[in-house]
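Report on the following structure.
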2 protein chains.
Amino acid sequence: MSRARILYVEDDEGLGFVTRDNLEINGFEVVHLDSGRVALQAIEAGELHYDLCLLDVMLPGVDGFTLARKIRERDQDIPILFLTAKSLEEDRLQGLRLGADDYITKPFSIEELLLRVEVFLRRNRVRPAALAFDPRHIGHYVFDAEQLQLTNRQANTARRLTRREAELLQLLSGRRETVLERAEILERIWGENDYFLGRSLDVFVSRLRKYLRADPRIKIENIHGVGFTLTVAE
Amino acid sequence: MSRARILYVEDDEGLGFVTRDNLEINGFEVVHLDSGRVALQAIEAGELHYDLCLLDVMLPGVDGFTLARKIRERDQDIPILFLTAKSLEEDRLQGLRLGADDYITKPFSIEELLLRVEVFLRRNRVRPAALAFDPRHIGHYVFDAEQLQLTNRQANTARRLTRREAELLQLLSGRRETVLERAEILERIWGENDYFLGRSLDVFVSRLRKYLRADPRIKIENIHGVGFTLTVAE
DNA sequence: TATCCCTGTTAACATCCCGTTTACGGAATG
DNA sequence: CATTCCGTAAACGGGATGTTAACAGGGATA
């Protein structure tokens, strides 16, 4: 696997620089943005993909919570860590409800930060695509990745998916409305990327389309030469 | 779906009682031990399998760190949360190095505790407050795990099971409708996992199917490459 | 001690399943 | 209009599973 990419949003210039530097020394690829607004744009542009988000809560303008919410809209699986000066319980709770995965209270030591980040990425790598335990709604289907089950709520029927099918649907449905590049899908699910696996991916996409055909609002669109996007029309 | 099992080590009687109570109300199965020594024995006996460990750091005799180290020797993945009165960084770091996953600083609110516990269990893919099935009624059979007896209420006949058969049936029927992975079954019943034990499991599943064949609503389904699911149709 | 069950494991073989690959036609691109 | 990319059905092959039977060893029994 290539180096893990971290989105780091922090307005304190000094701290931001030091932290970024330390993360990079330890082998991470860091994109450091120094304002909530810029980060919001970057997220909404939706071009880049990260393995982990590190968000300062207190940002001028757009705060960390808002960012987290936006990130979750686009990616329901990516780990989010908050950095917060306040150790106020109310803040911690709000973050956890928003789907944050952990908190680091300022001031923190670099060593602590690294330990937490590594714990996180390690856990994420061990259990690649099977994190979601909340059944996920896709049109009038309900998809339970853990149970490898796809239920048609309308017809009240269920279908068992194979592991690969579930992994792929998990990835697609966790990032709907955004373009998932072929290379990324192949890296994440197959762990490598060659011509034949690419054809395999096409076959799986075709199968998923068939399984989801009962709801015409659901589309898995191909972007020629780039990748796929799952959308659910209103 | 089984309830998540939490090992909770806490010497403060009052706090321990309240916390345990709250966890149980919220659907967790809690084993509360009130001293480090007792916990150490329990861990070294290695009989029980937990989904999460909640350890007070300050314990008379054997402290939380020592426990964590022992637990990590046996299980690399199980989430460990520390409860600590001190928010000293040195303590936090030591805990993280030992493989702790998080800290909760006393005093904590029950809501915070629950949120954190749930976040961690989610990562570990255990369903927290899921309802457990009564393992004793399976279709028109009645299963007594203690007596190793399986009674067919319709035909009014009974069959004696062997211990392994009973263990497997209890696991399957207590978690019906959910995918039980081969690895987990083998870990829980055999304590280890190799090719031959896997074949052994297949043999036992086959036997159970035969014993339960009289009720066609009962199915032990295989999910190829993943595990088994016991279902009882309406 | 020899013998007999009882139980869990191993062996053997048939069958099934699923990820991959092939094949071919259509679509997109420039 | 040439070339590459994609959609999908079908075939393939290797590994996973189902099932029956043989086997081994331990504890009870005589």
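Identifiers in this document derive from the order of the structure tokens: chains are assigned A, B, ..., residues are numbered from 1 separately in each chain, and ligands are numbered from 1 in order of occurrence.
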
Put chain A on top of chain B with a least-squares fit on all C-alpha atoms, paired in order, and send it back as a PDB file with C-alpha atoms, in the first residue's frame.
ATOM      1  CA  MET A   1     -20.559 -20.762  37.518  1.00  0.00           C
ATOM      2  CA  SER A   2     -16.909 -19.997  37.978  1.00  0.00           C
ATOM      3  CA  ARG A   3     -15.635 -16.508  38.584  1.00  0.00           C
ATOM      4  CA  ALA A   4     -16.349 -14.016  35.856  1.00  0.00           C
ATOM      5  CA  ARG A   5     -13.331 -13.091  33.796  1.00  0.00           C
ATOM      6  CA  ILE A   6     -12.738  -9.490  32.938  1.00  0.00           C
ATOM      7  CA  LEU A   7     -10.397  -8.118  30.303  1.00  0.00           C
ATOM      8  CA  TYR A   8      -9.210  -4.744  31.583  1.00  0.00           C
ATOM      9  CA  VAL A   9      -7.162  -2.474  29.360  1.00  0.00           C
ATOM     10  CA  GLU A  10      -5.766   0.616  31.087  1.00  0.00           C
ATOM     11  CA  ASP A  11      -2.471   2.419  30.661  1.00  0.00           C
ATOM     12  CA  ASP A  12      -2.504   4.468  33.863  1.00  0.00           C
ATOM     13  CA  GLU A  13      -0.398   2.304  36.106  1.00  0.00           C
ATOM     14  CA  GLY A  14      -1.699   3.521  39.432  1.00  0.00           C
ATOM     15  CA  LEU A  15      -5.341   3.472  38.530  1.00  0.00           C
ATOM     16  CA  GLY A  16      -4.956   0.156  36.777  1.00  0.00           C
ATOM     17  CA  PHE A  17      -3.436  -1.473  39.785  1.00  0.00           C
ATOM     18  CA  VAL A  18      -6.002  -0.186  42.234  1.00  0.00           C
ATOM     19  CA  THR A  19      -8.909  -1.071  40.007  1.00  0.00           C
ATOM     20  CA  ARG A  20      -7.664  -4.520  39.289  1.00  0.00           C
ATOM     21  CA  ASP A  21      -7.048  -5.117  42.937  1.00  0.00           C
ATOM     22  CA  ASN A  22     -10.534  -4.046  43.852  1.00  0.00           C
ATOM     23  CA  LEU A  23     -12.137  -6.164  41.185  1.00  0.00           C
ATOM     24  CA  GLU A  24     -10.196  -9.178  42.344  1.00  0.00           C
ATOM     25  CA  ILE A  25     -11.101  -8.603  45.967  1.00  0.00           C
ATOM     26  CA  ASN A  26     -14.694  -8.675  44.843  1.00  0.00           C
ATOM     27  CA  GLY A  27     -14.350 -12.017  43.243  1.00  0.00           C
ATOM     28  CA  PHE A  28     -13.570 -11.300  39.635  1.00  0.00           C
ATOM     29  CA  GLU A  29     -10.733 -12.748  37.662  1.00  0.00           C
ATOM     30  CA  VAL A  30      -8.986  -9.863  35.973  1.00  0.00           C
ATOM     31  CA  VAL A  31      -6.558  -9.828  33.099  1.00  0.00           C
ATOM     32  CA  HIS A  32      -5.030  -6.369  33.094  1.00  0.00           C
ATOM     33  CA  LEU A  33      -3.173  -5.216  29.999  1.00  0.00           C
ATOM     34  CA  ASP A  34      -1.526  -1.818  29.965  1.00  0.00           C
ATOM     35  CA  SER A  35      -1.396  -0.948  26.320  1.00  0.00           C
ATOM     36  CA  GLY A  36      -3.626  -1.045  23.323  1.00  0.00           C
ATOM     37  CA  ARG A  37      -1.048  -2.858  21.268  1.00  0.00           C
ATOM     38  CA  VAL A  38      -0.683  -5.697  23.706  1.00  0.00           C
ATOM     39  CA  ALA A  39      -4.420  -5.976  24.034  1.00  0.00           C
ATOM     40  CA  LEU A  40      -4.799  -6.043  20.289  1.00  0.00           C
ATOM     41  CA  GLN A  41      -2.381  -8.923  20.069  1.00  0.00           C
ATOM     42  CA  ALA A  42      -4.158 -10.764  22.831  1.00  0.00           C
ATOM     43  CA  ILE A  43      -7.463 -10.308  21.089  1.00  0.00           C
ATOM     44  CA  GLU A  44      -6.166 -11.351  17.713  1.00  0.00           C
ATOM     45  CA  ALA A  45      -4.492 -14.375  19.197  1.00  0.00           C
ATOM     46  CA  GLY A  46      -8.016 -15.135  20.307  1.00  0.00           C
ATOM     47  CA  GLU A  47      -6.990 -17.673  22.862  1.00  0.00           C
ATOM     48  CA  LEU A  48      -8.712 -16.491  25.960  1.00  0.00           C
ATOM     49  CA  HIS A  49     -12.334 -15.910  26.516  1.00  0.00           C
ATOM     50  CA  TYR A  50     -13.750 -13.231  28.762  1.00  0.00           C
ATOM     51  CA  ASP A  51     -17.140 -12.499  30.227  1.00  0.00           C
ATOM     52  CA  LEU A  52     -16.771  -8.737  30.046  1.00  0.00           C
ATOM     53  CA  CYS A  53     -14.385  -6.128  28.617  1.00  0.00           C
ATOM     54  CA  LEU A  54     -13.441  -2.937  30.379  1.00  0.00           C
ATOM     55  CA  LEU A  55     -11.636  -0.613  28.011  1.00  0.00           C
ATOM     56  CA  ASP A  56     -10.036   2.741  28.563  1.00  0.00           C
ATOM     57  CA  VAL A  57     -10.828   4.921  25.586  1.00  0.00           C
ATOM     58  CA  MET A  58      -7.669   7.024  25.688  1.00  0.00           C
ATOM     59  CA  LEU A  59      -4.790   4.690  25.141  1.00  0.00           C
ATOM     60  CA  PRO A  60      -1.500   5.513  23.469  1.00  0.00           C
ATOM     61  CA  GLY A  61      -1.212   3.821  20.098  1.00  0.00           C
ATOM     62  CA  VAL A  62      -4.278   1.662  19.681  1.00  0.00           C
ATOM     63  CA  ASP A  63      -7.286   3.268  21.345  1.00  0.00           C
ATOM     64  CA  GLY A  64     -10.283   1.717  23.038  1.00  0.00           C
ATOM     65  CA  PHE A  65     -12.551   2.164  20.063  1.00  0.00           C
ATOM     66  CA  THR A  66     -10.233   0.217  17.826  1.00  0.00           C
ATOM     67  CA  LEU A  67     -10.064  -2.526  20.385  1.00  0.00           C
ATOM     68  CA  ALA A  68     -13.827  -2.625  20.660  1.00  0.00           C
ATOM     69  CA  ARG A  69     -14.116  -3.007  16.925  1.00  0.00           C
ATOM     70  CA  LYS A  70     -11.652  -5.875  16.935  1.00  0.00           C
ATOM     71  CA  ILE A  71     -13.389  -7.555  19.815  1.00  0.00           C
ATOM     72  CA  ARG A  72     -16.721  -7.279  18.070  1.00  0.00           C
ATOM     73  CA  GLU A  73     -15.281  -8.931  15.009  1.00  0.00           C
ATOM     74  CA  ARG A  74     -14.480 -11.966  17.048  1.00  0.00           C
ATOM     75  CA  ASP A  75     -17.277 -11.951  19.555  1.00  0.00           C
ATOM     76  CA  GLN A  76     -20.554 -10.342  18.815  1.00  0.00           C
ATOM     77  CA  ASP A  77     -22.075 -10.999  22.185  1.00  0.00           C
ATOM     78  CA  ILE A  78     -19.580 -10.058  24.873  1.00  0.00           C
ATOM     79  CA  PRO A  79     -20.447  -6.955  26.929  1.00  0.00           C
ATOM     80  CA  ILE A  80     -18.084  -4.007  26.507  1.00  0.00           C
ATOM     81  CA  LEU A  81     -17.803  -1.109  28.952  1.00  0.00           C
ATOM     82  CA  PHE A  82     -15.762   1.973  28.173  1.00  0.00           C
ATOM     83  CA  LEU A  83     -13.873   4.059  30.671  1.00  0.00           C
ATOM     84  CA  THR A  84     -13.547   7.622  29.530  1.00  0.00           C
ATOM     85  CA  ALA A  85     -12.233  10.806  31.043  1.00  0.00           C
ATOM     86  CA  LYS A  86     -14.031  12.940  28.583  1.00  0.00           C
ATOM     87  CA  SER A  87     -17.711  13.210  29.024  1.00  0.00           C
ATOM     88  CA  LEU A  88     -17.937  14.533  25.516  1.00  0.00           C
ATOM     89  CA  GLU A  89     -21.075  13.476  23.860  1.00  0.00           C
ATOM     90  CA  GLU A  90     -19.410  12.743  20.549  1.00  0.00           C
ATOM     91  CA  ASP A  91     -17.259  10.115  22.200  1.00  0.00           C
ATOM     92  CA  ARG A  92     -20.117   8.498  23.975  1.00  0.00           C
ATOM     93  CA  LEU A  93     -22.096   8.299  20.801  1.00  0.00           C
ATOM     94  CA  GLN A  94     -19.286   6.777  18.830  1.00  0.00           C
ATOM     95  CA  GLY A  95     -18.832   4.129  21.450  1.00  0.00           C
ATOM     96  CA  LEU A  96     -22.458   3.224  21.576  1.00  0.00           C
ATOM     97  CA  ARG A  97     -22.530   2.900  17.813  1.00  0.00           C
ATOM     98  CA  LEU A  98     -19.598   0.514  17.957  1.00  0.00           C
ATOM     99  CA  GLY A  99     -21.620  -1.768  20.112  1.00  0.00           C
ATOM    100  CA  ALA A 100     -20.411  -0.672  23.493  1.00  0.00           C
ATOM    101  CA  ASP A 101     -22.886  -1.449  26.145  1.00  0.00           C
ATOM    102  CA  ASP A 102     -22.105   1.271  28.594  1.00  0.00           C
ATOM    103  CA  TYR A 103     -19.853   4.074  29.664  1.00  0.00           C
ATOM    104  CA  ILE A 104     -18.206   4.891  32.912  1.00  0.00           C
ATOM    105  CA  THR A 105     -16.871   8.400  33.172  1.00  0.00           C
ATOM    106  CA  LYS A 106     -13.603   9.006  34.936  1.00  0.00           C
ATOM    107  CA  PRO A 107     -13.096   9.707  37.685  1.00  0.00           C
ATOM    108  CA  PHE A 108     -15.277   6.905  38.914  1.00  0.00           C
ATOM    109  CA  SER A 109     -15.517   5.374  42.327  1.00  0.00           C
ATOM    110  CA  ILE A 110     -14.790   1.717  42.792  1.00  0.00           C
ATOM    111  CA  GLU A 111     -18.239   1.253  44.147  1.00  0.00           C
ATOM    112  CA  GLU A 112     -19.803   2.605  41.004  1.00  0.00           C
ATOM    113  CA  LEU A 113     -17.634   0.409  38.833  1.00  0.00           C
ATOM    114  CA  LEU A 114     -18.540  -2.679  40.797  1.00  0.00           C
ATOM    115  CA  LEU A 115     -22.209  -1.885  40.685  1.00  0.00           C
ATOM    116  CA  ARG A 116     -22.174  -1.469  36.938  1.00  0.00           C
ATOM    117  CA  VAL A 117     -20.141  -4.560  36.305  1.00  0.00           C
ATOM    118  CA  GLU A 118     -22.426  -6.604  38.483  1.00  0.00           C
ATOM    119  CA  VAL A 119     -25.578  -5.249  36.916  1.00  0.00           C
ATOM    120  CA  PHE A 120     -24.154  -6.264  33.629  1.00  0.00           C
ATOM    121  CA  LEU A 121     -23.047  -9.735  34.427  1.00  0.00           C
ATOM    122  CA  ARG A 122     -26.287 -10.393  36.239  1.00  0.00           C
ATOM    123  CA  ARG A 123     -28.299  -9.439  33.198  1.00  0.00           C
ATOM    124  CA  ASN A 124     -26.117 -11.556  31.068  1.00  0.00           C
ATOM    125  CA  ARG A 125     -26.483 -14.595  33.190  1.00  0.00           C
ATOM    126  CA  VAL A 126     -30.241 -14.333  33.407  1.00  0.00           C
ATOM    127  CA  ARG A 127     -30.528 -14.292  29.635  1.00  0.00           C
ATOM    128  CA  PRO A 128     -27.787 -16.641  28.686  1.00  0.00           C
ATOM    129  CA  ALA A 129     -27.509 -16.957  24.975  1.00  0.00           C
ATOM    130  CA  ALA A 130     -30.468 -15.116  23.630  1.00  0.00           C
ATOM    131  CA  LEU A 131     -29.095 -11.620  23.540  1.00  0.00           C
ATOM    132  CA  ALA A 132     -28.735 -10.999  19.875  1.00  0.00           C
ATOM    133  CA  PHE A 133     -31.800  -9.422  18.492  1.00  0.00           C
ATOM    134  CA  ASP A 134     -30.240  -8.411  15.273  1.00  0.00           C
ATOM    135  CA  PRO A 135     -30.756 -11.195  12.844  1.00  0.00           C
ATOM    136  CA  ARG A 136     -27.366 -12.592  12.019  1.00  0.00           C
ATOM    137  CA  HIS A 137     -26.080 -13.458   8.575  1.00  0.00           C
ATOM    138  CA  ILE A 138     -24.436 -16.805   8.067  1.00  0.00           C
ATOM    139  CA  GLY A 139     -23.571 -17.424   4.450  1.00  0.00           C
ATOM    140  CA  HIS A 140     -26.835 -17.115   2.632  1.00  0.00           C
ATOM    141  CA  TYR A 141     -28.790 -17.915   5.734  1.00  0.00           C
ATOM    142  CA  VAL A 142     -30.253 -15.429   8.171  1.00  0.00           C
ATOM    143  CA  PHE A 143     -30.425 -16.531  11.751  1.00  0.00           C
ATOM    144  CA  ASP A 144     -32.767 -14.834  14.190  1.00  0.00           C
ATOM    145  CA  ALA A 145     -31.953 -16.158  17.626  1.00  0.00           C
ATOM    146  CA  GLU A 146     -34.893 -14.495  19.270  1.00  0.00           C
ATOM    147  CA  GLN A 147     -37.372 -15.970  16.857  1.00  0.00           C
ATOM    148  CA  LEU A 148     -35.605 -19.309  16.806  1.00  0.00           C
ATOM    149  CA  GLN A 149     -35.682 -19.019  13.060  1.00  0.00           C
ATOM    150  CA  LEU A 150     -33.195 -19.913  10.383  1.00  0.00           C
ATOM    151  CA  THR A 151     -34.022 -18.569   6.945  1.00  0.00           C
ATOM    152  CA  ASN A 152     -32.451 -19.699   3.734  1.00  0.00           C
ATOM    153  CA  ARG A 153     -32.346 -16.506   1.688  1.00  0.00           C
ATOM    154  CA  GLN A 154     -31.593 -18.378  -1.483  1.00  0.00           C
ATOM    155  CA  ALA A 155     -34.357 -20.905  -1.401  1.00  0.00           C
ATOM    156  CA  ASN A 156     -36.568 -18.513   0.545  1.00  0.00           C
ATOM    157  CA  THR A 157     -37.442 -21.128   3.082  1.00  0.00           C
ATOM    158  CA  ALA A 158     -37.396 -20.965   6.838  1.00  0.00           C
ATOM    159  CA  ARG A 159     -36.925 -23.496   9.565  1.00  0.00           C
ATOM    160  CA  ARG A 160     -37.748 -23.248  13.208  1.00  0.00           C
ATOM    161  CA  LEU A 161     -34.989 -24.261  15.563  1.00  0.00           C
ATOM    162  CA  THR A 162     -35.418 -25.712  18.995  1.00  0.00           C
ATOM    163  CA  ARG A 163     -34.122 -23.771  21.918  1.00  0.00           C
ATOM    164  CA  ARG A 164     -30.940 -25.766  22.283  1.00  0.00           C
ATOM    165  CA  GLU A 165     -30.235 -25.623  18.580  1.00  0.00           C
ATOM    166  CA  ALA A 166     -30.654 -21.865  18.615  1.00  0.00           C
ATOM    167  CA  GLU A 167     -28.450 -21.421  21.658  1.00  0.00           C
ATOM    168  CA  LEU A 168     -25.693 -23.406  20.094  1.00  0.00           C
ATOM    169  CA  LEU A 169     -25.913 -21.652  16.762  1.00  0.00           C
ATOM    170  CA  GLN A 170     -25.945 -18.327  18.566  1.00  0.00           C
ATOM    171  CA  LEU A 171     -22.752 -19.207  20.339  1.00  0.00           C
ATOM    172  CA  LEU A 172     -21.023 -20.554  17.249  1.00  0.00           C
ATOM    173  CA  SER A 173     -22.103 -17.771  14.930  1.00  0.00           C
ATOM    174  CA  GLY A 174     -21.225 -15.082  17.458  1.00  0.00           C
ATOM    175  CA  ARG A 175     -17.637 -16.222  17.563  1.00  0.00           C
ATOM    176  CA  ARG A 176     -16.905 -17.453  14.088  1.00  0.00           C
ATOM    177  CA  GLU A 177     -13.345 -18.165  13.014  1.00  0.00           C
ATOM    178  CA  THR A 178     -12.373 -18.877  16.607  1.00  0.00           C
ATOM    179  CA  VAL A 179     -12.163 -22.146  18.423  1.00  0.00           C
ATOM    180  CA  LEU A 180     -14.932 -22.698  20.906  1.00  0.00           C
ATOM    181  CA  GLU A 181     -13.821 -25.284  23.378  1.00  0.00           C
ATOM    182  CA  ARG A 182     -16.156 -28.114  24.198  1.00  0.00           C
ATOM    183  CA  ALA A 183     -15.948 -27.289  27.877  1.00  0.00           C
ATOM    184  CA  GLU A 184     -16.974 -23.708  27.310  1.00  0.00           C
ATOM    185  CA  ILE A 185     -19.908 -24.591  25.105  1.00  0.00           C
ATOM    186  CA  LEU A 186     -21.139 -27.112  27.611  1.00  0.00           C
ATOM    187  CA  GLU A 187     -20.725 -24.685  30.499  1.00  0.00           C
ATOM    188  CA  ARG A 188     -22.532 -21.899  28.732  1.00  0.00           C
ATOM    189  CA  ILE A 189     -25.415 -23.831  27.279  1.00  0.00           C
ATOM    190  CA  TRP A 190     -25.862 -26.837  29.501  1.00  0.00           C
ATOM    191  CA  GLY A 191     -24.348 -25.331  32.632  1.00  0.00           C
ATOM    192  CA  GLU A 192     -22.330 -28.449  33.260  1.00  0.00           C
ATOM    193  CA  ASN A 193     -19.948 -30.741  31.548  1.00  0.00           C
ATOM    194  CA  ASP A 194     -19.908 -34.496  31.539  1.00  0.00           C
ATOM    195  CA  TYR A 195     -19.344 -37.241  29.035  1.00  0.00           C
ATOM    196  CA  PHE A 196     -22.972 -37.672  28.003  1.00  0.00           C
ATOM    197  CA  LEU A 197     -23.644 -33.989  27.525  1.00  0.00           C
ATOM    198  CA  GLY A 198     -20.580 -33.970  25.353  1.00  0.00           C
ATOM    199  CA  ARG A 199     -22.140 -36.590  23.120  1.00  0.00           C
ATOM    200  CA  SER A 200     -25.320 -34.540  23.121  1.00  0.00           C
ATOM    201  CA  LEU A 201     -23.354 -31.571  21.864  1.00  0.00           C
ATOM    202  CA  ASP A 202     -22.029 -33.704  19.018  1.00  0.00           C
ATOM    203  CA  VAL A 203     -25.556 -34.586  18.061  1.00  0.00           C
ATOM    204  CA  PHE A 204     -26.578 -30.939  17.991  1.00  0.00           C
ATOM    205  CA  VAL A 205     -23.557 -29.969  15.928  1.00  0.00           C
ATOM    206  CA  SER A 206     -24.502 -32.680  13.507  1.00  0.00           C
ATOM    207  CA  ARG A 207     -28.029 -31.322  13.268  1.00  0.00           C
ATOM    208  CA  LEU A 208     -26.851 -27.771  12.675  1.00  0.00           C
ATOM    209  CA  ARG A 209     -24.575 -28.983   9.912  1.00  0.00           C
ATOM    210  CA  LYS A 210     -27.524 -30.614   8.264  1.00  0.00           C
ATOM    211  CA  TYR A 211     -29.609 -27.435   8.528  1.00  0.00           C
ATOM    212  CA  LEU A 212     -26.795 -25.342   7.042  1.00  0.00           C
ATOM    213  CA  ARG A 213     -25.824 -27.805   4.355  1.00  0.00           C
ATOM    214  CA  ALA A 214     -27.389 -25.820   1.521  1.00  0.00           C
ATOM    215  CA  ASP A 215     -24.517 -23.330   1.614  1.00  0.00           C
ATOM    216  CA  PRO A 216     -21.255 -25.198   1.098  1.00  0.00           C
ATOM    217  CA  ARG A 217     -19.218 -22.198   2.279  1.00  0.00           C
ATOM    218  CA  ILE A 218     -20.460 -22.741   5.811  1.00  0.00           C
ATOM    219  CA  LYS A 219     -18.459 -25.186   7.845  1.00  0.00           C
ATOM    220  CA  ILE A 220     -18.614 -26.260  11.446  1.00  0.00           C
ATOM    221  CA  GLU A 221     -15.236 -27.847  11.871  1.00  0.00           C
ATOM    222  CA  ASN A 222     -14.124 -30.040  14.686  1.00  0.00           C
ATOM    223  CA  ILE A 223     -10.749 -29.531  16.278  1.00  0.00           C
ATOM    224  CA  HIS A 224      -9.925 -32.912  17.599  1.00  0.00           C
ATOM    225  CA  GLY A 225     -10.012 -33.020  21.348  1.00  0.00           C
ATOM    226  CA  VAL A 226     -10.590 -29.313  21.652  1.00  0.00           C
ATOM    227  CA  GLY A 227     -13.825 -27.987  20.241  1.00  0.00           C
ATOM    228  CA  PHE A 228     -15.564 -26.497  17.221  1.00  0.00           C
ATOM    229  CA  THR A 229     -15.218 -23.549  14.871  1.00  0.00           C
ATOM    230  CA  LEU A 230     -17.792 -22.088  12.565  1.00  0.00           C
ATOM    231  CA  THR A 231     -16.385 -20.573   9.400  1.00  0.00           C
ATOM    232  CA  VAL A 232     -17.941 -19.015   6.346  1.00  0.00           C
ATOM    233  CA  ALA A 233     -15.568 -19.114   3.398  1.00  0.00           C
ATOM    234  CA  GLU A 234     -15.458 -16.351   0.838  1.00  0.00           C
TER     235      GLU A 234
END

Using only C-alpha atoms (C1' of nucleotides), what table do you get, as a tab-separated table, when you list each residue of chain C with an atom no more than 9 Å from chain A, its nearest pair of atoms, and their distance in Å rounded to one decimal, rows by chain then rising number?
residue	atom	partner	partner_atom	distance
C:DC18	C1'	A:Thr162	CA	7.7
C:DG19	C1'	A:Ser200	CA	8.0
C:DT20	C1'	A:Ser200	CA	6.7
C:DT21	C1'	A:Phe196	CA	7.8
C:DA28	C1'	A:His224	CA	7.2
C:DT29	C1'	A:His224	CA	9.0

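Near chain B, counting only C-alpha atoms (C1' of nucleotides) at 9 Å, the chain D residues are DA16, DT17, DG18 and DT19 of chain D.
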
Store the residues picked out above in a file with all heavy atoms, as a CSV table (one decimal), in the first residue's frame.
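Saved result, out-v4.csv, follows:
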chain,number,residue,atom,x,y,z
D,16,DA,P,-10.1,-22.2,-0.1
D,16,DA,OP1,-9.8,-21.0,0.7
D,16,DA,OP2,-9.3,-23.5,0.3
D,16,DA,O5',-11.6,-22.6,0.0
D,16,DA,C5',-12.6,-21.6,-0.4
D,16,DA,C4',-14.0,-22.1,-0.2
D,16,DA,O4',-14.2,-23.2,-1.1
D,16,DA,C3',-14.2,-22.7,1.2
D,16,DA,O3',-15.5,-22.2,1.6
D,16,DA,C2',-14.2,-24.2,1.0
D,16,DA,C1',-14.7,-24.4,-0.5
D,16,DA,N9,-14.1,-25.5,-1.2
D,16,DA,C8,-12.8,-25.8,-1.4
D,16,DA,N7,-12.6,-26.9,-2.1
D,16,DA,C5,-13.9,-27.3,-2.5
D,16,DA,C6,-14.3,-28.3,-3.3
D,16,DA,N6,-13.5,-29.2,-3.9
D,16,DA,N1,-15.7,-28.4,-3.5
D,16,DA,C2,-16.5,-27.5,-2.9
D,16,DA,N3,-16.1,-26.5,-2.1
D,16,DA,C4,-14.8,-26.4,-1.9
D,17,DT,P,-16.1,-22.7,3.0
D,17,DT,OP1,-17.0,-21.6,3.4
D,17,DT,OP2,-15.0,-23.1,3.9
D,17,DT,O5',-17.0,-23.9,2.6
D,17,DT,C5',-18.1,-23.7,1.7
D,17,DT,C4',-18.8,-25.0,1.5
D,17,DT,O4',-17.9,-25.9,0.8
D,17,DT,C3',-19.3,-25.8,2.7
D,17,DT,O3',-20.7,-25.9,2.5
D,17,DT,C2',-18.5,-27.1,2.7
D,17,DT,C1',-18.2,-27.2,1.2
D,17,DT,N1,-17.1,-28.1,0.8
D,17,DT,C2,-17.3,-29.1,-0.1
D,17,DT,O2,-18.4,-29.4,-0.5
D,17,DT,N3,-16.1,-29.8,-0.4
D,17,DT,C4,-14.8,-29.5,0.0
D,17,DT,O4,-13.9,-30.2,-0.4
D,17,DT,C5,-14.7,-28.4,0.9
D,17,DT,C7,-13.3,-28.0,1.4
D,17,DT,C6,-15.8,-27.7,1.2
D,18,DG,P,-21.5,-26.7,3.5
D,18,DG,OP1,-22.9,-26.1,3.6
D,18,DG,OP2,-20.8,-26.9,4.8
D,18,DG,O5',-21.6,-28.1,2.8
D,18,DG,C5',-22.4,-28.3,1.7
D,18,DG,C4',-22.9,-29.7,1.5
D,18,DG,O4',-21.8,-30.5,1.0
D,18,DG,C3',-23.4,-30.4,2.7
D,18,DG,O3',-24.5,-31.2,2.4
D,18,DG,C2',-22.2,-31.2,3.3
D,18,DG,C1',-21.5,-31.5,2.0
D,18,DG,N9,-20.0,-31.5,2.1
D,18,DG,C8,-19.2,-30.6,2.7
D,18,DG,N7,-17.9,-30.9,2.6
D,18,DG,C5,-17.9,-32.0,1.8
D,18,DG,C6,-16.8,-32.8,1.4
D,18,DG,O6,-15.6,-32.6,1.6
D,18,DG,N1,-17.2,-33.9,0.6
D,18,DG,C2,-18.5,-34.2,0.3
D,18,DG,N2,-18.7,-35.3,-0.4
D,18,DG,N3,-19.5,-33.5,0.8
D,18,DG,C4,-19.1,-32.4,1.5
D,19,DT,P,-25.3,-32.0,3.5
D,19,DT,OP1,-26.6,-32.3,2.9
D,19,DT,OP2,-25.1,-31.4,4.8
D,19,DT,O5',-24.5,-33.4,3.5
D,19,DT,C5',-24.3,-34.0,2.2
D,19,DT,C4',-23.6,-35.3,2.4
D,19,DT,O4',-22.2,-35.0,2.4
D,19,DT,C3',-23.9,-36.1,3.7
D,19,DT,O3',-24.4,-37.3,3.3
D,19,DT,C2',-22.5,-36.2,4.4
D,19,DT,C1',-21.5,-35.9,3.3
D,19,DT,N1,-20.2,-35.3,3.7
D,19,DT,C2,-19.1,-35.9,3.2
D,19,DT,O2,-19.1,-36.9,2.5
D,19,DT,N3,-17.9,-35.3,3.6
D,19,DT,C4,-17.8,-34.2,4.4
D,19,DT,O4,-16.7,-33.7,4.7
D,19,DT,C5,-19.1,-33.6,4.9
D,19,DT,C7,-19.1,-32.4,5.8
D,19,DT,C6,-20.2,-34.2,4.5

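From atom C1' of DG8 of chain C back to atom C1' of DG14 of chain D, the distance works out to 29.1 Å.
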
Neighbour list for DA11 of chain C as number ranges by chain, cut-off 10 Å, only C-alpha atoms (C1' of nucleotides), skip fewer than 6 positions in-chain: D: 21-23

Keeping only C-alpha atoms (C1' of nucleotides), write those residues as a CSV table (one decimal), in the first residue's frame.
chain,number,residue,atom,x,y,z
D,21,DA,C1',-17.2,-43.5,6.3
D,22,DA,C1',-13.0,-44.9,8.4
D,23,DC,C1',-10.1,-44.1,12.2

Run DSSP on the backbone and give me the residues of segment 41-83 of chain B it puts in helix (DSSP H, G or I), as an MDAnalysis selection string. chainID B and resid 41:45 64:74

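Going from atom C1' of DC24 of chain C over to atom C1' of DA10 of chain D, you cover 11.1 Å.
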
Test item, strand (DSSP E) assignment across segment 7-210 of chain A, answer as number ranges by chain: A: 7-9, 29-33, 52-56, 80-84, 102-105, 136-138, 141-144, 149-152, 157-160, 180-181
